[in-house]
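Structure first, commentary second.
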Amino acid sequence: MVSSVDLAGNISQPIQRRLVLDDKAPETVPSNLSATLSFSGREVTLNWSADVNADSYNLYRSEGPIDQVDAKQRLAENLPVTMYRDADINVGSTYYYALTSVSPAGLESKRLSVNLNLTVLLASLGGTAVLSDGSRLTAAVGSVTVDPTLYTSISIENPSELDLPDLAGSIEGTARRFVAMTQNGAPFTSDFLSPVDIAIPYPLSEIPESLKVFMLEGGIWKIVEGVKVNTDSGTLNLASNRFDTYRLMRPESKPWDI
């Protein structure tokens, strides 16, 4: 509370002010981090949903998973809006992005948003989108399209079990969703001209030869035939004609199998 006194001794009405010290970083994070591809195929625009406890955001980028705040991986800081344009993209490289929230006093949260990974490919030339856990999509030249102007940004997601239809015997954490977007922001949903190679990592605690791979088609899980085990990479490999969602299942043991 503050008041003033003039030379005659008159005292003004007191003025009360409340000072709030911002000494805590946000404990929440932005959500729904996504990317759209430019028509040139050489840059992406990142968008996310605001964190109500944030005054600004720091954006991180790496060629591997981002699991802790590291200034060396910071792409932009103190962003006042929920958008950023990354104009430094190499076609064929896989990038991971993550965000943190920053308080009005400039205190950064130690919590990171869910990582977004993406690989930009010139679709007609094919290429590989691969993650550190072994998830992979490899397309040969001309297998996706023959359009020489079409670029795609491919993301490999690990969807929540709650976002997927039930599948008896499914192994938690093994679902992989392969998503591709084109320059106009629309998902690439067309069938491929020829199959591409897909790799799904399996838990090392499992016997890979006993596992089954299912693909989500029209909201229904359908078994995938012709799956091969690659013990060197720890993956189940298959051929696919489209970007889709896959999940591993452990068949129920019969009494006579014990």
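Each chain of the structure tokens is named A, B, ... in the order shown, its residues numbered from 1; ligands are numbered from 1 in display order.
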When you look at region 221-224 of chain A with a cut-off of 10 Å (counting only C-alpha atoms), what residues show up, excluding the ones that are within fewer than 6 positions of it in the same chain? I need them as a short mmCIF file (atom, residue, chain, number, x, y, z; two decimals) with N, CA and C atoms, in the first residue's frame.
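Output below, filename result_0.cif:
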```
data_model
loop_
_atom_site.label_atom_id
_atom_site.label_comp_id
_atom_site.auth_asym_id
_atom_site.auth_seq_id
_atom_site.Cartn_x
_atom_site.Cartn_y
_atom_site.Cartn_z
N LEU A 164 -8.09 -46.97 -30.66
CA LEU A 164 -8.16 -48.06 -31.63
C LEU A 164 -9.29 -49.02 -31.29
N PRO A 165 -9.89 -49.65 -32.30
CA PRO A 165 -10.89 -50.69 -32.02
C PRO A 165 -10.25 -51.84 -31.26
N ASP A 166 -11.04 -52.52 -30.47
CA ASP A 166 -10.52 -53.65 -29.69
C ASP A 166 -10.02 -54.76 -30.60
N LEU A 167 -8.94 -55.41 -30.15
CA LEU A 167 -8.42 -56.59 -30.83
C LEU A 167 -7.96 -57.55 -29.75
N LYS A 212 1.09 -62.38 -34.68
CA LYS A 212 0.31 -62.08 -35.87
C LYS A 212 0.23 -60.56 -36.07
N VAL A 213 0.22 -60.14 -37.32
CA VAL A 213 0.08 -58.72 -37.64
C VAL A 213 -1.31 -58.48 -38.21
N PHE A 214 -2.00 -57.46 -37.68
CA PHE A 214 -3.32 -57.10 -38.18
C PHE A 214 -3.28 -55.68 -38.73
N MET A 215 -4.06 -55.44 -39.78
CA MET A 215 -4.18 -54.13 -40.39
C MET A 215 -5.62 -53.63 -40.21
N LEU A 238 6.50 -56.79 -43.75
CA LEU A 238 5.38 -57.13 -44.60
C LEU A 238 5.33 -56.18 -45.77
N ALA A 239 4.55 -56.53 -46.77
CA ALA A 239 4.32 -55.67 -47.94
C ALA A 239 2.91 -55.09 -47.84
N SER A 240 2.79 -53.80 -48.20
CA SER A 240 1.49 -53.14 -48.08
C SER A 240 1.22 -52.27 -49.31
N THR A 245 -2.85 -48.50 -40.53
CA THR A 245 -2.55 -48.76 -39.12
C THR A 245 -2.38 -50.26 -38.91
N TYR A 246 -1.35 -50.63 -38.15
CA TYR A 246 -1.04 -52.03 -37.91
C TYR A 246 -0.90 -52.27 -36.41
N ARG A 247 -1.10 -53.54 -36.04
CA ARG A 247 -1.05 -53.89 -34.62
C ARG A 247 -0.62 -55.35 -34.48
N LEU A 248 0.15 -55.65 -33.44
CA LEU A 248 0.60 -57.02 -33.22
C LEU A 248 -0.33 -57.72 -32.23
N MET A 249 -0.50 -59.01 -32.47
CA MET A 249 -1.38 -59.81 -31.62
C MET A 249 -0.68 -61.11 -31.24
#
```
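Closest approach to Val52 (chain A) from the set A:Ser101, A:Ser233, A:Leu211, A:Arg242 is made by A:Ser101, with distances taken over only C-alpha atoms.
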Problem set entry | Best match for closeness to Tyr202 (chain A) among A:Gly41, A:Pro30, A:Gly134, A:Gly127, counting only C-alpha atoms | A:Gly134
For this session: May I have the residues within 12 Å of Pro208 (chain A) as a list of chain:residue names, using only C-alpha atoms and disregarding those fewer than 2 positions away in the same chain?
Result: A:Ile200, A:Pro201, A:Tyr202, A:Pro203, A:Leu204, A:Ser205, A:Glu206, A:Ser210, A:Leu211, A:Lys212, A:Val213, A:Val227, A:Lys228, A:Val229, A:Asn230, A:Thr231, A:Asp232, A:Ser233, A:Gly234, A:Thr235, A:Leu236, A:Asn237, A:Leu248, A:Met249, A:Arg250, A:Pro251
Save out the residues we just selected, C-alpha atoms, as a PDB file, in the first residue's frame.
```pdb
ATOM      1  CA  ILE A 200       6.845 -53.188 -37.244  1.00  0.00           C
ATOM      2  CA  PRO A 201       9.042 -53.663 -34.142  1.00  0.00           C
ATOM      3  CA  TYR A 202       8.081 -56.459 -31.765  1.00  0.00           C
ATOM      4  CA  PRO A 203       8.794 -56.656 -28.002  1.00  0.00           C
ATOM      5  CA  LEU A 204      11.974 -58.633 -27.385  1.00  0.00           C
ATOM      6  CA  SER A 205      10.146 -60.547 -24.646  1.00  0.00           C
ATOM      7  CA  GLU A 206       7.916 -62.129 -27.305  1.00  0.00           C
ATOM      8  CA  SER A 210       4.147 -66.767 -32.820  1.00  0.00           C
ATOM      9  CA  LEU A 211       2.934 -63.208 -33.382  1.00  0.00           C
ATOM     10  CA  LYS A 212       0.314 -62.082 -35.875  1.00  0.00           C
ATOM     11  CA  VAL A 213       0.077 -58.719 -37.636  1.00  0.00           C
ATOM     12  CA  VAL A 227       4.780 -61.607 -42.700  1.00  0.00           C
ATOM     13  CA  LYS A 228       8.498 -62.308 -42.279  1.00  0.00           C
ATOM     14  CA  VAL A 229      10.564 -62.128 -39.097  1.00  0.00           C
ATOM     15  CA  ASN A 230      13.787 -60.121 -39.079  1.00  0.00           C
ATOM     16  CA  THR A 231      15.557 -60.966 -35.825  1.00  0.00           C
ATOM     17  CA  ASP A 232      18.501 -58.691 -36.663  1.00  0.00           C
ATOM     18  CA  SER A 233      16.295 -55.575 -36.644  1.00  0.00           C
ATOM     19  CA  GLY A 234      13.706 -56.958 -34.205  1.00  0.00           C
ATOM     20  CA  THR A 235      10.862 -56.353 -36.632  1.00  0.00           C
ATOM     21  CA  LEU A 236       8.050 -58.114 -38.435  1.00  0.00           C
ATOM     22  CA  ASN A 237       8.244 -57.216 -42.134  1.00  0.00           C
ATOM     23  CA  LEU A 248       0.599 -57.020 -33.218  1.00  0.00           C
ATOM     24  CA  MET A 249      -1.381 -59.810 -31.619  1.00  0.00           C
ATOM     25  CA  ARG A 250      -0.327 -62.743 -29.470  1.00  0.00           C
ATOM     26  CA  PRO A 251      -2.560 -65.765 -30.226  1.00  0.00           C
TER      27      PRO A 251
END
```
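Among the candidates A:Tyr60, A:Tyr151, A:Phe178, A:Phe39, the residue lying nearest to Val114 (chain A) is A:Tyr60 (atoms considered: only C-alpha atoms).
With only C-alpha atoms as the atoms that count, the residue of A:Ser34, A:Thr145, A:Gln68, A:Gln73 with the shortest distance to Ser109 (chain A) is A:Gln68.
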Exercise. Counting only C-alpha atoms, what is within 9 Å of Arg136 (chain A), bar same-chain residues fewer than 5 positions away, as a VMD selection string?
Worked result: chain A and resid 128 to 131 156 197 to 201
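Of the listed residues (A:Asp191, A:Asp67, A:Glu217, A:Glu43), A:Asp67 comes nearest to Tyr97 (chain A); the distances count only C-alpha atoms.
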For this session: Name the residues in contact with region 44-51 of chain A at a cut-off of 7 Å, using only C-alpha atoms, excluding same-chain residues fewer than 4 positions from it; report them as a list in words.
Result: Thr28, Val29, Pro30, Ser31, Asn32, Leu33, Ser34, Ala35, Thr36, Leu37, Ser38, Thr82, Met83, Tyr84, Arg85, Asp86 and Ala87 of chain A
Selection above as a file: C-alpha atoms, as a PDB file, in the first residue's frame:
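The resulting out_38.pdb:
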```pdb
ATOM      1  CA  THR A  28       1.450 -28.513 -18.699  1.00  0.00           C
ATOM      2  CA  VAL A  29       2.411 -28.842 -22.359  1.00  0.00           C
ATOM      3  CA  PRO A  30       0.956 -27.923 -25.752  1.00  0.00           C
ATOM      4  CA  SER A  31      -0.941 -30.667 -27.565  1.00  0.00           C
ATOM      5  CA  ASN A  32      -1.921 -31.787 -31.064  1.00  0.00           C
ATOM      6  CA  LEU A  33       1.385 -30.918 -32.713  1.00  0.00           C
ATOM      7  CA  SER A  34       0.952 -31.384 -36.472  1.00  0.00           C
ATOM      8  CA  ALA A  35       2.612 -30.362 -39.731  1.00  0.00           C
ATOM      9  CA  THR A  36       1.531 -29.341 -43.217  1.00  0.00           C
ATOM     10  CA  LEU A  37       3.788 -29.509 -46.239  1.00  0.00           C
ATOM     11  CA  SER A  38       4.481 -26.579 -48.567  1.00  0.00           C
ATOM     12  CA  THR A  82       0.862 -21.569 -32.025  1.00  0.00           C
ATOM     13  CA  MET A  83       2.539 -21.847 -35.420  1.00  0.00           C
ATOM     14  CA  TYR A  84       6.034 -22.032 -36.872  1.00  0.00           C
ATOM     15  CA  ARG A  85       7.378 -22.438 -40.406  1.00  0.00           C
ATOM     16  CA  ASP A  86      10.455 -24.633 -40.737  1.00  0.00           C
ATOM     17  CA  ALA A  87      12.097 -23.746 -44.031  1.00  0.00           C
TER      18      ALA A  87
END
```
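Among A:Ala98, A:Val120, A:Met181, A:Val196, the residue with the shortest atom-to-atom distance to Ala140 (chain A), counting only C-alpha atoms, is A:Val196.
Coordinates place CA of Asn115 (chain A) at a distance of 20.5 Å from CA of Thr182 (chain A).
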For this session: Could you please write out, as a VMD selection string, every residue of region 109-181 of chain A that DSSP assigns to strand (DSSP E)?
Result: chain A and resid 116 to 122 127 to 130 136 to 139 151 to 157 176 to 181
